[in-house]
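Chemist: Quick one: the structure is below, questions incoming.
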Amino acid sequence: MVNYIADNPRRLAAKRANPELFTVVTRREIAPGRACAMIGNRFLLEHPLKRQIQISRHIPPAALQSKKEELLYAAQHGAVPISPCISPGEKEIARALLAVGAPLIVLLENGFPPGYKPPGRYFDACAQGRLLLLAPFPYHRQRRPITRAQCLALNDWAAAVAGATGPRP
């Protein structure tokens, strides 16, 4: 808690320096027929090369390492990865992407509450214009486990966004 309070002035300065990156857009089309709330660098949606990250929970360690290297290489050469970061493998790859300063689009199961700001590493990536958080579902206060149907829906959204090109209104 002490570290969080000590870091508040830096976080406030980042939000004031880049208000457009910390403003929740309540509804914007991100792919044909799909609109959602978002916060972060909306220009990442317009990037022509987007790669979906979808990793099985049962992937062998060597295959996960190979996939991580492939996606890090793609991101370092211009691709924008997109994922709901659900499985441990997806989370590991997202952490690696953020660690090397690569861009990332993340789909969230829960929408944005009033006054939302990204937590932890996401905050810094957002301030640097390397992150876009998308929330296709409305905000809810309840803590509930994500369902298989929600996971499938989020992966479907990620595939649709990865396949979409060009600017959207």
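Ordering of the structure tokens sets the chain letters (A, B, ...), residue numbers begin anew at 1 in every chain, and ligands are numbered from 1 in the order given.
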Which residues are near A:Arg51? Cut-off 8 Å, only C-alpha atoms, ignore same chain within fewer than 4 positions. Put them as a VMD selection string.
Modeler: chain A and resid 71 79 to 82 162
Chemist: Take the residues from that selection and put them in a file with N, CA and C atoms, as a PDB file, in the first residue's frame.
Modeler:
ATOM      1  N   LEU A  71       5.631 -15.130 -31.297  1.00  0.00           N
ATOM      2  CA  LEU A  71       4.821 -13.922 -31.104  1.00  0.00           C
ATOM      3  C   LEU A  71       5.674 -12.717 -30.711  1.00  0.00           C
ATOM      4  N   ALA A  79       3.826  -6.518 -35.751  1.00  0.00           N
ATOM      5  CA  ALA A  79       2.489  -7.049 -35.479  1.00  0.00           C
ATOM      6  C   ALA A  79       1.993  -6.567 -34.116  1.00  0.00           C
ATOM      7  N   VAL A  80       0.686  -6.410 -33.999  1.00  0.00           N
ATOM      8  CA  VAL A  80       0.064  -6.061 -32.719  1.00  0.00           C
ATOM      9  C   VAL A  80      -0.682  -7.301 -32.220  1.00  0.00           C
ATOM     10  N   PRO A  81      -0.193  -7.941 -31.151  1.00  0.00           N
ATOM     11  CA  PRO A  81      -0.879  -9.117 -30.603  1.00  0.00           C
ATOM     12  C   PRO A  81      -2.176  -8.721 -29.897  1.00  0.00           C
ATOM     13  N   ILE A  82      -3.149  -9.631 -29.948  1.00  0.00           N
ATOM     14  CA  ILE A  82      -4.434  -9.403 -29.299  1.00  0.00           C
ATOM     15  C   ILE A  82      -4.882 -10.689 -28.617  1.00  0.00           C
ATOM     16  N   ALA A 162      -8.532  -9.237 -34.815  1.00  0.00           N
ATOM     17  CA  ALA A 162      -7.280  -9.530 -35.507  1.00  0.00           C
ATOM     18  C   ALA A 162      -7.477  -9.532 -37.022  1.00  0.00           C
TER      19      ALA A 162
END
Chemist: Using DSSP assignments from the backbone, pull out every residue in stretch 23-167 of chain A that falls under helix (DSSP H, G or I) and give it to me as JSON, numbers by chain.
Modeler: {"A": [42, 43, 44, 45, 46, 61, 62, 63, 64, 65, 66, 67, 68, 69, 70, 71, 72, 73, 74, 75, 76, 88, 89, 90, 91, 92, 93, 94, 95, 96, 97, 98, 99, 120, 121, 122, 123, 124, 125, 126, 127, 148, 149, 150, 151, 152, 153, 154, 155, 156, 157, 158, 159, 160, 161, 162, 163]}
Chemist: With C-alpha atoms retained, export the selected residues as a PDB file, in the first residue's frame.
Modeler:
ATOM      1  CA  ARG A  42      -7.206   3.258 -30.032  1.00  0.00           C
ATOM      2  CA  PHE A  43      -4.835   3.568 -32.998  1.00  0.00           C
ATOM      3  CA  LEU A  44      -3.637   0.010 -32.321  1.00  0.00           C
ATOM      4  CA  LEU A  45      -6.927  -1.126 -33.891  1.00  0.00           C
ATOM      5  CA  GLU A  46      -5.919   0.464 -37.170  1.00  0.00           C
ATOM      6  CA  PRO A  61       6.201 -26.228 -22.192  1.00  0.00           C
ATOM      7  CA  ALA A  62       8.404 -26.533 -25.301  1.00  0.00           C
ATOM      8  CA  ALA A  63       5.490 -25.655 -27.596  1.00  0.00           C
ATOM      9  CA  LEU A  64       4.585 -22.681 -25.383  1.00  0.00           C
ATOM     10  CA  GLN A  65       8.183 -21.443 -25.514  1.00  0.00           C
ATOM     11  CA  SER A  66       8.193 -21.754 -29.295  1.00  0.00           C
ATOM     12  CA  LYS A  67       4.867 -19.893 -29.584  1.00  0.00           C
ATOM     13  CA  LYS A  68       6.124 -17.156 -27.234  1.00  0.00           C
ATOM     14  CA  GLU A  69       9.286 -16.681 -29.321  1.00  0.00           C
ATOM     15  CA  GLU A  70       7.192 -16.561 -32.506  1.00  0.00           C
ATOM     16  CA  LEU A  71       4.821 -13.922 -31.104  1.00  0.00           C
ATOM     17  CA  LEU A  72       7.642 -11.829 -29.609  1.00  0.00           C
ATOM     18  CA  TYR A  73       9.374 -11.867 -32.996  1.00  0.00           C
ATOM     19  CA  ALA A  74       6.143 -10.880 -34.773  1.00  0.00           C
ATOM     20  CA  ALA A  75       5.514  -8.043 -32.294  1.00  0.00           C
ATOM     21  CA  GLN A  76       9.082  -6.759 -32.603  1.00  0.00           C
ATOM     22  CA  PRO A  88      -1.611 -19.295 -18.169  1.00  0.00           C
ATOM     23  CA  GLY A  89       0.210 -19.445 -21.519  1.00  0.00           C
ATOM     24  CA  GLU A  90      -1.607 -16.361 -22.835  1.00  0.00           C
ATOM     25  CA  LYS A  91      -0.770 -14.505 -19.622  1.00  0.00           C
ATOM     26  CA  GLU A  92       2.891 -15.524 -19.834  1.00  0.00           C
ATOM     27  CA  ILE A  93       3.133 -14.301 -23.433  1.00  0.00           C
ATOM     28  CA  ALA A  94       1.381 -11.015 -22.563  1.00  0.00           C
ATOM     29  CA  ARG A  95       3.846 -10.417 -19.701  1.00  0.00           C
ATOM     30  CA  ALA A  96       6.768 -11.117 -22.054  1.00  0.00           C
ATOM     31  CA  LEU A  97       5.357  -8.701 -24.663  1.00  0.00           C
ATOM     32  CA  LEU A  98       4.946  -5.950 -22.074  1.00  0.00           C
ATOM     33  CA  ALA A  99       8.455  -6.598 -20.730  1.00  0.00           C
ATOM     34  CA  GLY A 120      -0.005  -2.247 -12.530  1.00  0.00           C
ATOM     35  CA  ARG A 121       1.979  -2.955 -15.700  1.00  0.00           C
ATOM     36  CA  TYR A 122      -1.063  -2.163 -17.795  1.00  0.00           C
ATOM     37  CA  PHE A 123      -1.019   1.417 -16.475  1.00  0.00           C
ATOM     38  CA  ASP A 124       2.552   2.018 -17.640  1.00  0.00           C
ATOM     39  CA  ALA A 125       1.962   0.364 -21.030  1.00  0.00           C
ATOM     40  CA  CYS A 126      -1.161   2.497 -21.447  1.00  0.00           C
ATOM     41  CA  ALA A 127       0.746   5.687 -20.583  1.00  0.00           C
ATOM     42  CA  ARG A 148     -16.207 -21.424 -20.826  1.00  0.00           C
ATOM     43  CA  ALA A 149     -18.839 -19.628 -22.914  1.00  0.00           C
ATOM     44  CA  GLN A 150     -17.275 -16.252 -22.021  1.00  0.00           C
ATOM     45  CA  CYS A 151     -13.794 -17.566 -22.881  1.00  0.00           C
ATOM     46  CA  LEU A 152     -15.023 -18.764 -26.269  1.00  0.00           C
ATOM     47  CA  ALA A 153     -16.795 -15.450 -26.880  1.00  0.00           C
ATOM     48  CA  LEU A 154     -13.665 -13.444 -25.985  1.00  0.00           C
ATOM     49  CA  ASN A 155     -11.513 -15.592 -28.282  1.00  0.00           C
ATOM     50  CA  ASP A 156     -14.099 -15.050 -31.034  1.00  0.00           C
ATOM     51  CA  TRP A 157     -13.875 -11.276 -30.469  1.00  0.00           C
ATOM     52  CA  ALA A 158     -10.058 -11.479 -30.588  1.00  0.00           C
ATOM     53  CA  ALA A 159     -10.195 -13.347 -33.905  1.00  0.00           C
ATOM     54  CA  ALA A 160     -12.628 -10.778 -35.340  1.00  0.00           C
ATOM     55  CA  VAL A 161     -10.468  -7.839 -34.244  1.00  0.00           C
ATOM     56  CA  ALA A 162      -7.280  -9.530 -35.507  1.00  0.00           C
ATOM     57  CA  GLY A 163      -8.926  -9.982 -38.899  1.00  0.00           C
TER      58      GLY A 163
END
Chemist: In terms of the shortest atom-to-atom distance over only C-alpha atoms, which of A:Gln142, A:Ser87, A:Asn110, A:Asn41 is closest to A:Ile59?
Modeler: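 Ranked by minimum distance to A:Ile59, first place goes to A:Ser87.
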